[in-house]
Amino acid sequence: MRGSPYPMAQVFTPGGVLLLKLALLGALGALVVGSVVAYQHLQGPDSLAETPRQPIPFSHKHHVGDDGIDCRYCHDSVEQASFAGIPATQVCMTCHSQLFTDAPMLQPLRDSAATGKPLHWIRVHDLPDFVYFDHAIHVRKGVGCVECHGRVDRMPLVRRVAPLQMQWCLACHRDPEPHLRPPRFEFDMRPTSEIRALAGIPKTPLVSRRRLTDCSTCHR
Amino acid sequence: MTEPIRLWRSLEELEENRGPRGEAIAMPAAFSPARRDFLKLAAAAAALAGAGCRGPVEEIVPYVRAPDAPAGLPSFYATEMTLGGLATGLLVESNMGRPTKVEGNPAHPASLGATDVFAQASVLQLWDPDRSQAIRRAGAIVSRAELESEWHDALAKLEARRGAGLRILTGDSGSPTLAAQMDAVLARFPEARRHRWEALHRDNSFEGSRLAFGRPLETVYRFAEADIVLALDADFLGEGPGHLRYAREFAGRRAASAERPMNRLYAVETAPTLAGAMADHRLPLPPAAILAWLAELDAALRGAGNATLPLVRAAARDLLAHRGRAVVVPGESLPPEAHALVHRMNADLGAEGRCVLHVEPVAMQVNCTQSLRELVQDLEGGRVSALVMLGVNPVHDAPADLRFADALKRAPLTLHLGLYEDETAASCRWHLPEAHFLEDWSDARAFDGTASIVQPLIAPLHGGISRHEVMALLAGVSARPRDAVRAQWQRRATGPFEDFWRGALREGLIAGTAEAPVHAAVRHAAFVPPKAAADAWTVRLRADPSVRDGSFANNAWLQELPRPASKLTWDNAALMSAESAAKLGAKTGDVVEIAAGGGRVRAPVWILPDHADGAVTLSLGYGRTRAGRVGNAVGVDAYPIRTAASPWGIDAAIRKVPGRHAFATTQNHARMEGRDPVRRVLASDLA
């Protein structure tokens with residue numbers, strides 16, 4: 001029997017095979033390392049500590065911590081709507097038409113009031129668009145602001161303290177009770193444990209425990 | 001065990017030799033990654049992992065001056081949507097100044113809280129990025145100042161000639177403000193003329209009432225009063241004036257009570273419609289045979305003749321047994337003589353004043369076809385020096401035999417105002433982006449005459465121009481649309497005007513503006529059904545349930561919406577019965593050529609059970625060339641075979657031609673795929 005007209009040539013030299021094997025191994029290693037890095041990056045404290053550059057370096061520490069302004073003075077729809085509300089220029093001007101009227105820091109605010117052009121704030125707490133989140137129901141059920149937003153009364157520039165990942169949401173949705181506080185303390189900045197020691201454990205009626213972890217509760 | 005009844009829901013399922021368990025059809029091969037694809041994906045994954053993920057930076061832009069409603073909570077405003085000149089009351093949801101959802105206004109007589117698909121989809125039309133966004137002169141973007149300066153000069157010259165040669169083409173409109181502005185324009189230009197064109201005109205209805213009553217009258221039905229309804233190619237539940245109200249009234253009588261029996265609906269129609277699907281007795285007939293059936297019914301009602309056609313005797317007996325509580329509803333496709341005959345039938349059956357009312361027409365009713373024909377003749381005769389077209393697209397939808405597109409080239413100065421840079425815009429010197437009804441102030445009237453104010457929910461997104469602004473430009477006055485509407489109603493308001501105005505905006509209608517019914521004596525008109533040519537095909541042309549006359553072609557929600565009965569999406573088709581298709585030697589997906597009225601159309605076949613034999617139904621409004629990125633080249637354009645004389649049904653020659661077309665239909669979606677989570681057994685097996 002005659003062989004093939006094309007003699008079977010050696011395609012890979014032993015050195016080539018080794019190189020190929022090393023390359024494949026390297027690719028696998030890169031994949032593993034990349035995944036770990038990405039996971040760290042998503043989890044990592046870096047993104048939490050970040051304070052984006054805002055048009056005005058607004059200090060919650062000053063307004064909430066020092067002056068004691070209630071959250072709802074500015075975030076006025078937090079008890080009624082999904083969106084807590086970012087104050088209109090007009091709301092800032094209720095005080096700042098009298099106070100710090102020539103502070104250079106507030107020039108963008110005065111420009112906005114004069115021209116009617118709104119301020120463009122950078123969002124710090126940004127949920128993906130496929131998640132439905134409603135501030136009103138959380139506040140009404142006794143989830144304090146501080147539960148998710150942390151001690152904003154101590155933040156000169158607001159930053160994110162919670163990872164806002166699904167497992168973080170679910171941890172509370174699976175077992176909400178320890179995170180709830182009695183009525184009238186939702187806007188109190190003290191930690192929940194302290195409030196509960198002070199004011200007692202709330203008897204918050206939850207329609208259904210199961211509803212809290214249904215897919216369609218958040219992914220509508 | 002008895003063999004369970006075999007159920008099927010599409011012809012493909014019926015044809016498949018399936019066992020009683022309905023074994024699954026093989027699905028197309030799912031994603032099967034080849035080695036190369038795997039490596040590509042692995043590389044992409046590694047790249048992504050290395051790069052890490054960061055969300056995009058998002059901004060929050062608060063109000064400068066907040067409205068009363070808290071941010072995050074929607075507000076609702078009453079406004080109107082006008083189709084074919086008739087208004088439907090809406091409540092539109094607005095989230096922080098952006099209209100997001102449309103529902104019906106429960107207080108409005110044409111809505112009762114309901115909307116049709118066009119109102120639902122109107123909010124997507126508002127945000128459509130393909131909408132016209134700039135004023136254009138001969139295709140180039142120009143400023144509004146240039147528009148005004150050229151037209152001020154042109155109008156000054158026209159004024160010197162008392163407006164001779166100025167023509168204004170609009171669709172049907174019941175807007176009192178637009179009518180007053182038109183009067184003002186005609187006062188400045190006495191020789192100017194107004195023309196009307198609606199592709200879905202109602203010439204047959206109004207010519208029919210002219211024959212029956214001596215003048216055009218609008219027919220208003222009261223299905224709440226009707227025990228027996230006979231619909232003659234009339235989809236009164238799915239389209240036409242008042243159909244939302246009619247659907248509610250009709251449905252209200254489907255539940256029998258002690259004092260009111262359940263109503264009974266007879267439907268004689270060509271293609272299956274919503275009314276046909278609801279009918280207790282449905283008879284599919286081609287258009288000519290419907291007229292023969294009507295003539296036989298007329299004879300039977302008068303106790304003459306010997307009915308031979310199916311359902312005639314039963315329908316006649318039922319109608320006569322329910323005198324005063326029975327009504328016949330003629331469809332727009334019926335010729336004027338048939339409409340006149342039905343008016344007489346309804347009078348004889350005692351329906352007048354009870355199940356049927358007549359009111360003065362809401363939109364000024366001239367014969368659209370005649371009006372457009374006169375315009376074309378004047379264009380061809382060189383008697384038109386300036387043509388202004390407001391919200392119409394006649395280059396696409398005028399009757400083919402009028403050759404409007406050719407005639408339009410004879411006009412030296414043309415202006416088109418439209419939501420899209422459509423076929424007509426491309427043939428005009430000037431094109432102006434029109435303000436959407438959610439961006440515009442206006443007023444409108446419902447089918448029963450009820451007037452209401454159209455209020456905007458948002459400032460024009462693309463500098464849209466209102467038709468009231470164009471009319472003000474023509475009249476040589478400067479009046480913003482809101483001022484024009486307010487001025488119009490200041491003349492008619494009772495009591496303090498601001499109270500009246502705020503009340504009208506809040507309620508979405510102006511109480512007491514419905515037309516009072518008029519009593520008109522019916523004249524006797526002879527009706528001889530035309531002789532149907534044996535073996536001829538008839539093509540029934542109709543408004544599409546999703547794109548209407550083509551004006552909604554660029555709306556993806558509507559294109560995606562399965563059409564009633566056929567469940568087709570993103571397409572129109574030559575709908576026909578299995579017998580008709582067999583006669584043509586065609587099956588679903590084959591292509592036929594339809595030659596009629598001097599035009600030719602190639603359309604794919606869709607076999608639709610319960611369609612009348614010997615007729616083919618084709619929807620208007622597809623095959624657009626300048627609809628936008630969504631609507632261009634979807635389906636086939638049926639306008640080339642639509643003539644001025646036969647707008648709704650035309651005799652045609654049809655033959656199969658080579659070619660295949662793949663349809664996207666939802667009919668077979670959500671099958672049980674042989675897993676049968678729902679089982680069926682005969683009750684006798686359980687006993």
# chains A, B, ... in the order shown; residues from 1 in each chain; ligands from 1
>>> residues_around(residues="stretch 148-157 of chain A", least_positions_apart="4", cutoff="6 Å", atoms="only C-alpha atoms", output="list in words")
Ser59, His60, Lys61, Val64 and Gly65 of chain A
>>> closest_atom_pairs(of="chain A", to="chain B", cutoff="9 Å", atoms="only C-alpha atoms", output="CSV")
residue,atom,partner,partner_atom,distance
A:Ala27,CA,B:Ala46,CA,8.2
A:Leu28,CA,B:Ala46,CA,8.9
A:Ala30,CA,B:Ala46,CA,7.1
A:Leu31,CA,B:Ala46,CA,5.1
A:Val32,CA,B:Ala46,CA,8.6
A:Val33,CA,B:Gly50,CA,8.1
A:Gly34,CA,B:Gly50,CA,4.6
A:Ser35,CA,B:Ala49,CA,5.2
A:Val36,CA,B:Ala49,CA,8.2
A:Val37,CA,B:Gly50,CA,7.2
A:Ala38,CA,B:Gly52,CA,4.8
A:Tyr39,CA,B:Gly52,CA,8.2
A:His41,CA,B:Gly52,CA,6.8
A:Leu42,CA,B:Cys53,CA,7.2
A:Asp76,CA,B:Pro70,CA,7.1
A:Ser77,CA,B:Pro70,CA,5.4
A:Val78,CA,B:Gly72,CA,8.8
A:Gln80,CA,B:Leu73,CA,7.4
A:Ala81,CA,B:Gly72,CA,5.1
A:Ser82,CA,B:Gly72,CA,5.9
A:Phe83,CA,B:Gly72,CA,4.9
A:Ala84,CA,B:Gly72,CA,7.4
A:Gly85,CA,B:Ala71,CA,5.6
A:Ile86,CA,B:Pro62,CA,5.7
A:Pro87,CA,B:Pro62,CA,6.4
A:Ala88,CA,B:Tyr63,CA,4.6
A:Thr89,CA,B:Val64,CA,4.5
A:Gln90,CA,B:Arg65,CA,5.4
A:Val91,CA,B:Arg65,CA,8.1
A:Ser112,CA,B:Val64,CA,7.0
A:Ala113,CA,B:Val64,CA,6.7
A:Gly116,CA,B:Val64,CA,6.0
A:Lys117,CA,B:Val64,CA,6.8
A:Pro118,CA,B:Val64,CA,5.3
A:Leu119,CA,B:Val61,CA,6.0
A:His120,CA,B:Val61,CA,4.9
A:Trp121,CA,B:Ile60,CA,5.1
A:Ile122,CA,B:Glu59,CA,4.5
A:Arg123,CA,B:Glu59,CA,5.3
A:Val124,CA,B:Glu58,CA,8.4
A:Asp126,CA,B:Glu58,CA,7.4
A:Pro128,CA,B:Gly55,CA,8.5
>>> atom_distance(atom1="atom CA of B:Arg624", atom2="atom CA of B:Gly550")
7.5 Å
>>> select_by_dssp(residues="stretch 487-648 of chain B", states="strand (DSSP E or B)", output="mmCIF file with N, CA and C atoms, in the first residue's frame")
data_model
loop_
_atom_site.group_PDB
_atom_site.id
_atom_site.type_symbol
_atom_site.label_atom_id
_atom_site.label_comp_id
_atom_site.auth_asym_id
_atom_site.auth_seq_id
_atom_site.Cartn_x
_atom_site.Cartn_y
_atom_site.Cartn_z
ATOM 1 N N ILE B 510 -64.918 69.795 27.806
ATOM 2 C CA ILE B 510 -65.747 70.957 28.086
ATOM 3 C C ILE B 510 -67.192 70.476 28.083
ATOM 4 N N TRP B 537 -60.993 38.079 -8.748
ATOM 5 C CA TRP B 537 -60.517 38.272 -7.380
ATOM 6 C C TRP B 537 -60.860 39.683 -6.934
ATOM 7 N N THR B 538 -61.165 39.831 -5.673
ATOM 8 C CA THR B 538 -61.315 41.166 -5.113
ATOM 9 C C THR B 538 -60.245 41.343 -4.052
ATOM 10 N N VAL B 539 -59.561 42.480 -4.104
ATOM 11 C CA VAL B 539 -58.598 42.796 -3.049
ATOM 12 C C VAL B 539 -59.255 43.790 -2.118
ATOM 13 N N ARG B 540 -59.371 43.389 -0.874
ATOM 14 C CA ARG B 540 -59.941 44.271 0.139
ATOM 15 C C ARG B 540 -58.780 45.013 0.795
ATOM 16 N N LEU B 541 -58.779 46.334 0.644
ATOM 17 C CA LEU B 541 -57.737 47.156 1.251
ATOM 18 C C LEU B 541 -58.273 47.714 2.554
ATOM 19 N N ARG B 542 -57.451 47.702 3.577
ATOM 20 C CA ARG B 542 -57.951 48.180 4.856
ATOM 21 C C ARG B 542 -56.857 48.863 5.668
ATOM 22 N N ASP B 544 -54.389 49.320 8.556
ATOM 23 C CA ASP B 544 -53.697 48.282 9.295
ATOM 24 C C ASP B 544 -53.946 48.448 10.787
ATOM 25 N N ARG B 548 -51.974 51.761 10.936
ATOM 26 C CA ARG B 548 -53.063 52.575 10.401
ATOM 27 C C ARG B 548 -52.849 52.826 8.923
ATOM 28 N N LEU B 568 -49.411 38.199 12.958
ATOM 29 C CA LEU B 568 -48.193 38.601 12.268
ATOM 30 C C LEU B 568 -47.575 39.790 12.981
ATOM 31 N N THR B 569 -46.254 39.884 12.926
ATOM 32 C CA THR B 569 -45.568 41.076 13.416
ATOM 33 C C THR B 569 -44.662 41.577 12.298
ATOM 34 N N ALA B 574 -50.754 39.264 1.983
ATOM 35 C CA ALA B 574 -51.992 39.006 1.264
ATOM 36 C C ALA B 574 -52.722 37.913 2.041
ATOM 37 N N LEU B 575 -53.684 38.340 2.858
ATOM 38 C CA LEU B 575 -54.433 37.384 3.677
ATOM 39 C C LEU B 575 -55.485 36.717 2.801
ATOM 40 N N MET B 576 -55.571 35.397 2.862
ATOM 41 C CA MET B 576 -56.576 34.691 2.060
ATOM 42 C C MET B 576 -56.901 33.359 2.711
ATOM 43 N N ASP B 590 -45.433 31.995 0.024
ATOM 44 C CA ASP B 590 -45.255 32.208 -1.415
ATOM 45 C C ASP B 590 -45.614 33.654 -1.746
ATOM 46 N N VAL B 591 -45.160 34.091 -2.905
ATOM 47 C CA VAL B 591 -45.403 35.482 -3.282
ATOM 48 C C VAL B 591 -46.396 35.523 -4.437
ATOM 49 N N VAL B 592 -47.359 36.446 -4.354
ATOM 50 C CA VAL B 592 -48.301 36.635 -5.464
ATOM 51 C C VAL B 592 -48.168 38.062 -5.983
ATOM 52 N N GLU B 593 -48.473 38.208 -7.265
ATOM 53 C CA GLU B 593 -48.511 39.542 -7.849
ATOM 54 C C GLU B 593 -49.964 39.931 -8.047
ATOM 55 N N ILE B 594 -50.310 41.080 -7.523
ATOM 56 C CA ILE B 594 -51.677 41.574 -7.609
ATOM 57 C C ILE B 594 -51.676 42.763 -8.554
ATOM 58 N N ALA B 595 -52.443 42.659 -9.621
ATOM 59 C CA ALA B 595 -52.538 43.754 -10.577
ATOM 60 C C ALA B 595 -53.946 44.316 -10.507
ATOM 61 N N ALA B 596 -54.042 45.597 -10.184
ATOM 62 C CA ALA B 596 -55.364 46.222 -10.067
ATOM 63 C C ALA B 596 -55.215 47.716 -10.238
ATOM 64 N N GLY B 599 -52.014 49.436 -11.218
ATOM 65 C CA GLY B 599 -50.800 49.253 -10.432
ATOM 66 C C GLY B 599 -50.539 47.785 -10.168
ATOM 67 N N ARG B 600 -49.344 47.513 -9.689
ATOM 68 C CA ARG B 600 -48.948 46.139 -9.371
ATOM 69 C C ARG B 600 -48.298 46.102 -8.007
ATOM 70 N N VAL B 601 -48.625 45.055 -7.261
ATOM 71 C CA VAL B 601 -48.035 44.883 -5.939
ATOM 72 C C VAL B 601 -47.649 43.431 -5.788
ATOM 73 N N ARG B 602 -46.459 43.180 -5.273
ATOM 74 C CA ARG B 602 -46.059 41.801 -4.964
ATOM 75 C C ARG B 602 -46.122 41.620 -3.459
ATOM 76 N N ALA B 603 -46.928 40.678 -3.034
ATOM 77 C CA ALA B 603 -47.120 40.506 -1.594
ATOM 78 C C ALA B 603 -47.029 39.027 -1.244
ATOM 79 N N PRO B 604 -46.478 38.708 -0.081
ATOM 80 C CA PRO B 604 -46.427 37.318 0.349
ATOM 81 C C PRO B 604 -47.807 36.854 0.834
ATOM 82 N N VAL B 605 -48.061 35.559 0.658
ATOM 83 C CA VAL B 605 -49.356 34.982 1.021
ATOM 84 C C VAL B 605 -49.342 34.568 2.484
ATOM 85 N N TRP B 606 -50.415 34.852 3.182
ATOM 86 C CA TRP B 606 -50.614 34.313 4.526
ATOM 87 C C TRP B 606 -51.998 33.692 4.548
ATOM 88 N N ILE B 607 -52.043 32.384 4.764
ATOM 89 C CA ILE B 607 -53.335 31.703 4.787
ATOM 90 C C ILE B 607 -53.985 31.937 6.144
ATOM 91 N N ALA B 615 -61.433 36.362 -2.174
ATOM 92 C CA ALA B 615 -60.977 37.719 -1.871
ATOM 93 C C ALA B 615 -59.650 37.639 -1.146
ATOM 94 N N VAL B 616 -58.893 38.724 -1.252
ATOM 95 C CA VAL B 616 -57.595 38.829 -0.600
ATOM 96 C C VAL B 616 -57.606 40.129 0.182
ATOM 97 N N THR B 617 -57.131 40.093 1.407
ATOM 98 C CA THR B 617 -57.081 41.321 2.206
ATOM 99 C C THR B 617 -55.643 41.780 2.344
ATOM 100 N N LEU B 618 -55.450 43.063 2.090
ATOM 101 C CA LEU B 618 -54.113 43.643 2.155
ATOM 102 C C LEU B 618 -54.193 44.928 2.971
ATOM 103 N N SER B 619 -53.284 45.053 3.941
ATOM 104 C CA SER B 619 -53.272 46.242 4.797
ATOM 105 C C SER B 619 -52.496 47.374 4.149
ATOM 106 N N ARG B 624 -42.969 51.525 3.377
ATOM 107 C CA ARG B 624 -42.594 52.942 3.393
ATOM 108 C C ARG B 624 -41.134 53.091 2.979
ATOM 109 N N ASN B 632 -38.935 51.745 7.566
ATOM 110 C CA ASN B 632 -38.591 51.658 6.149
ATOM 111 C C ASN B 632 -38.541 50.214 5.690
#
>>> select_by_dssp(residues="stretch 98-138 of chain A", states="alpha helix (DSSP H)", output="short mmCIF file (atom, residue, chain, number, x, y, z; two decimals) with N, CA and C atoms, in the first residue's frame")
data_model
loop_
_atom_site.label_atom_id
_atom_site.label_comp_id
_atom_site.auth_asym_id
_atom_site.auth_seq_id
_atom_site.Cartn_x
_atom_site.Cartn_y
_atom_site.Cartn_z
N GLN A 107 -20.61 79.73 43.89
CA GLN A 107 -20.87 80.43 42.63
C GLN A 107 -21.76 79.60 41.69
N PRO A 108 -21.50 78.29 41.54
CA PRO A 108 -22.37 77.51 40.64
C PRO A 108 -23.85 77.57 41.06
N LEU A 109 -24.10 77.60 42.37
CA LEU A 109 -25.48 77.67 42.85
C LEU A 109 -26.11 79.00 42.45
N ARG A 110 -25.37 80.09 42.66
CA ARG A 110 -25.91 81.40 42.32
C ARG A 110 -26.11 81.51 40.81
N ASP A 111 -25.20 80.91 40.05
CA ASP A 111 -25.37 80.91 38.59
C ASP A 111 -26.65 80.19 38.20
N SER A 112 -26.85 79.04 38.84
CA SER A 112 -28.05 78.25 38.53
C SER A 112 -29.31 79.05 38.84
N ALA A 113 -29.32 79.71 39.99
CA ALA A 113 -30.50 80.50 40.36
C ALA A 113 -30.71 81.65 39.39
N ALA A 114 -29.59 82.24 38.91
CA ALA A 114 -29.71 83.40 38.04
C ALA A 114 -30.10 83.00 36.63
N THR A 115 -29.53 81.89 36.13
CA THR A 115 -29.77 81.53 34.73
C THR A 115 -30.92 80.55 34.56
N HIS A 135 -37.36 54.27 47.82
CA HIS A 135 -37.00 54.80 49.15
C HIS A 135 -38.18 54.75 50.11
N ALA A 136 -39.39 55.12 49.60
CA ALA A 136 -40.53 55.33 50.49
C ALA A 136 -40.83 54.08 51.31
N ILE A 137 -40.86 52.91 50.66
CA ILE A 137 -41.27 51.70 51.39
C ILE A 137 -40.21 51.33 52.42
N HIS A 138 -38.94 51.57 52.11
CA HIS A 138 -37.90 51.24 53.09
C HIS A 138 -38.03 52.12 54.33
#
>>> atom_distance(atom1="atom CA of B:Leu372", atom2="atom CA of B:Leu390")
13.9 Å
>>> closest_residue(among="B:Leu432, B:Ile453, B:Ala247, B:Leu83", to="B:Leu147", atoms="only C-alpha atoms")
B:Leu432
>>> decode(residues="stretch 99-129 of chain B", atoms="N, CA and C atoms", output="PDB file, in the first residue's frame")
ATOM      1  N   PRO B  99     -43.360  62.883  29.805  1.00  0.00           N
ATOM      2  CA  PRO B  99     -44.499  61.979  29.629  1.00  0.00           C
ATOM      3  C   PRO B  99     -44.031  60.544  29.412  1.00  0.00           C
ATOM      4  N   THR B 100     -44.600  59.615  30.174  1.00  0.00           N
ATOM      5  CA  THR B 100     -44.116  58.238  30.107  1.00  0.00           C
ATOM      6  C   THR B 100     -45.201  57.228  29.783  1.00  0.00           C
ATOM      7  N   LYS B 101     -46.476  57.519  30.116  1.00  0.00           N
ATOM      8  CA  LYS B 101     -47.500  56.491  29.918  1.00  0.00           C
ATOM      9  C   LYS B 101     -48.822  57.159  29.624  1.00  0.00           C
ATOM     10  N   VAL B 102     -49.573  56.544  28.726  1.00  0.00           N
ATOM     11  CA  VAL B 102     -50.843  57.108  28.293  1.00  0.00           C
ATOM     12  C   VAL B 102     -51.968  56.168  28.697  1.00  0.00           C
ATOM     13  N   GLU B 103     -52.993  56.728  29.334  1.00  0.00           N
ATOM     14  CA  GLU B 103     -54.194  55.943  29.601  1.00  0.00           C
ATOM     15  C   GLU B 103     -55.402  56.768  29.186  1.00  0.00           C
ATOM     16  N   GLY B 104     -56.574  56.133  29.186  1.00  0.00           N
ATOM     17  CA  GLY B 104     -57.782  56.840  28.774  1.00  0.00           C
ATOM     18  C   GLY B 104     -58.323  57.707  29.892  1.00  0.00           C
ATOM     19  N   ASN B 105     -59.070  58.726  29.518  1.00  0.00           N
ATOM     20  CA  ASN B 105     -59.726  59.602  30.486  1.00  0.00           C
ATOM     21  C   ASN B 105     -61.129  59.059  30.750  1.00  0.00           C
ATOM     22  N   PRO B 106     -61.387  58.561  31.966  1.00  0.00           N
ATOM     23  CA  PRO B 106     -62.693  57.926  32.226  1.00  0.00           C
ATOM     24  C   PRO B 106     -63.861  58.867  31.998  1.00  0.00           C
ATOM     25  N   ALA B 107     -63.630  60.180  32.091  1.00  0.00           N
ATOM     26  CA  ALA B 107     -64.727  61.128  31.937  1.00  0.00           C
ATOM     27  C   ALA B 107     -65.025  61.436  30.474  1.00  0.00           C
ATOM     28  N   HIS B 108     -64.145  61.039  29.586  1.00  0.00           N
ATOM     29  CA  HIS B 108     -64.303  61.441  28.181  1.00  0.00           C
ATOM     30  C   HIS B 108     -65.202  60.448  27.436  1.00  0.00           C
ATOM     31  N   PRO B 109     -66.178  60.960  26.690  1.00  0.00           N
ATOM     32  CA  PRO B 109     -67.152  60.041  26.075  1.00  0.00           C
ATOM     33  C   PRO B 109     -66.556  59.106  25.027  1.00  0.00           C
ATOM     34  N   ALA B 110     -65.458  59.482  24.406  1.00  0.00           N
ATOM     35  CA  ALA B 110     -64.881  58.595  23.388  1.00  0.00           C
ATOM     36  C   ALA B 110     -63.880  57.619  23.989  1.00  0.00           C
ATOM     37  N   SER B 111     -63.608  57.736  25.282  1.00  0.00           N
ATOM     38  CA  SER B 111     -62.617  56.856  25.894  1.00  0.00           C
ATOM     39  C   SER B 111     -63.219  55.989  26.995  1.00  0.00           C
ATOM     40  N   LEU B 112     -63.943  56.631  27.940  1.00  0.00           N
ATOM     41  CA  LEU B 112     -64.467  55.949  29.125  1.00  0.00           C
ATOM     42  C   LEU B 112     -63.342  55.248  29.882  1.00  0.00           C
ATOM     43  N   GLY B 113     -62.134  55.779  29.769  1.00  0.00           N
ATOM     44  CA  GLY B 113     -61.004  55.197  30.488  1.00  0.00           C
ATOM     45  C   GLY B 113     -60.156  54.267  29.647  1.00  0.00           C
ATOM     46  N   ALA B 114     -60.574  54.015  28.421  1.00  0.00           N
ATOM     47  CA  ALA B 114     -59.830  53.085  27.568  1.00  0.00           C
ATOM     48  C   ALA B 114     -59.047  53.857  26.508  1.00  0.00           C
ATOM     49  N   THR B 115     -58.044  53.201  25.953  1.00  0.00           N
ATOM     50  CA  THR B 115     -57.343  53.762  24.803  1.00  0.00           C
ATOM     51  C   THR B 115     -57.161  52.670  23.767  1.00  0.00           C
ATOM     52  N   ASP B 116     -56.817  53.079  22.561  1.00  0.00           N
ATOM     53  CA  ASP B 116     -56.448  52.088  21.552  1.00  0.00           C
ATOM     54  C   ASP B 116     -54.920  51.980  21.500  1.00  0.00           C
ATOM     55  N   VAL B 117     -54.433  51.096  20.641  1.00  0.00           N
ATOM     56  CA  VAL B 117     -52.984  50.862  20.589  1.00  0.00           C
ATOM     57  C   VAL B 117     -52.239  52.115  20.143  1.00  0.00           C
ATOM     58  N   PHE B 118     -52.894  52.945  19.328  1.00  0.00           N
ATOM     59  CA  PHE B 118     -52.190  54.126  18.811  1.00  0.00           C
ATOM     60  C   PHE B 118     -51.939  55.131  19.938  1.00  0.00           C
ATOM     61  N   ALA B 119     -52.911  55.274  20.831  1.00  0.00           N
ATOM     62  CA  ALA B 119     -52.705  56.173  21.974  1.00  0.00           C
ATOM     63  C   ALA B 119     -51.623  55.607  22.886  1.00  0.00           C
ATOM     64  N   GLN B 120     -51.654  54.286  23.110  1.00  0.00           N
ATOM     65  CA  GLN B 120     -50.627  53.671  23.958  1.00  0.00           C
ATOM     66  C   GLN B 120     -49.238  53.906  23.377  1.00  0.00           C
ATOM     67  N   ALA B 121     -49.135  53.785  22.057  1.00  0.00           N
ATOM     68  CA  ALA B 121     -47.821  53.874  21.424  1.00  0.00           C
ATOM     69  C   ALA B 121     -47.424  55.316  21.132  1.00  0.00           C
ATOM     70  N   SER B 122     -48.322  56.267  21.362  1.00  0.00           N
ATOM     71  CA  SER B 122     -48.020  57.653  21.002  1.00  0.00           C
ATOM     72  C   SER B 122     -46.855  58.188  21.823  1.00  0.00           C
ATOM     73  N   VAL B 123     -46.655  57.644  23.018  1.00  0.00           N
ATOM     74  CA  VAL B 123     -45.569  58.152  23.861  1.00  0.00           C
ATOM     75  C   VAL B 123     -44.211  57.723  23.294  1.00  0.00           C
ATOM     76  N   LEU B 124     -44.175  56.576  22.623  1.00  0.00           N
ATOM     77  CA  LEU B 124     -42.926  56.178  21.961  1.00  0.00           C
ATOM     78  C   LEU B 124     -42.683  57.051  20.735  1.00  0.00           C
ATOM     79  N   GLN B 125     -43.782  57.410  20.068  1.00  0.00           N
ATOM     80  CA  GLN B 125     -43.666  58.302  18.905  1.00  0.00           C
ATOM     81  C   GLN B 125     -43.085  59.653  19.332  1.00  0.00           C
ATOM     82  N   LEU B 126     -43.517  60.129  20.486  1.00  0.00           N
ATOM     83  CA  LEU B 126     -42.993  61.408  20.992  1.00  0.00           C
ATOM     84  C   LEU B 126     -41.471  61.358  21.106  1.00  0.00           C
ATOM     85  N   TRP B 127     -40.951  60.260  21.657  1.00  0.00           N
ATOM     86  CA  TRP B 127     -39.510  60.154  21.915  1.00  0.00           C
ATOM     87  C   TRP B 127     -38.746  59.581  20.736  1.00  0.00           C
ATOM     88  N   ASP B 128     -39.404  59.338  19.614  1.00  0.00           N
ATOM     89  CA  ASP B 128     -38.757  58.699  18.466  1.00  0.00           C
ATOM     90  C   ASP B 128     -37.593  59.557  17.954  1.00  0.00           C
ATOM     91  N   PRO B 129     -36.355  59.037  17.999  1.00  0.00           N
ATOM     92  CA  PRO B 129     -35.229  59.854  17.510  1.00  0.00           C
ATOM     93  C   PRO B 129     -35.275  60.096  16.001  1.00  0.00           C
TER      94      PRO B 129
END
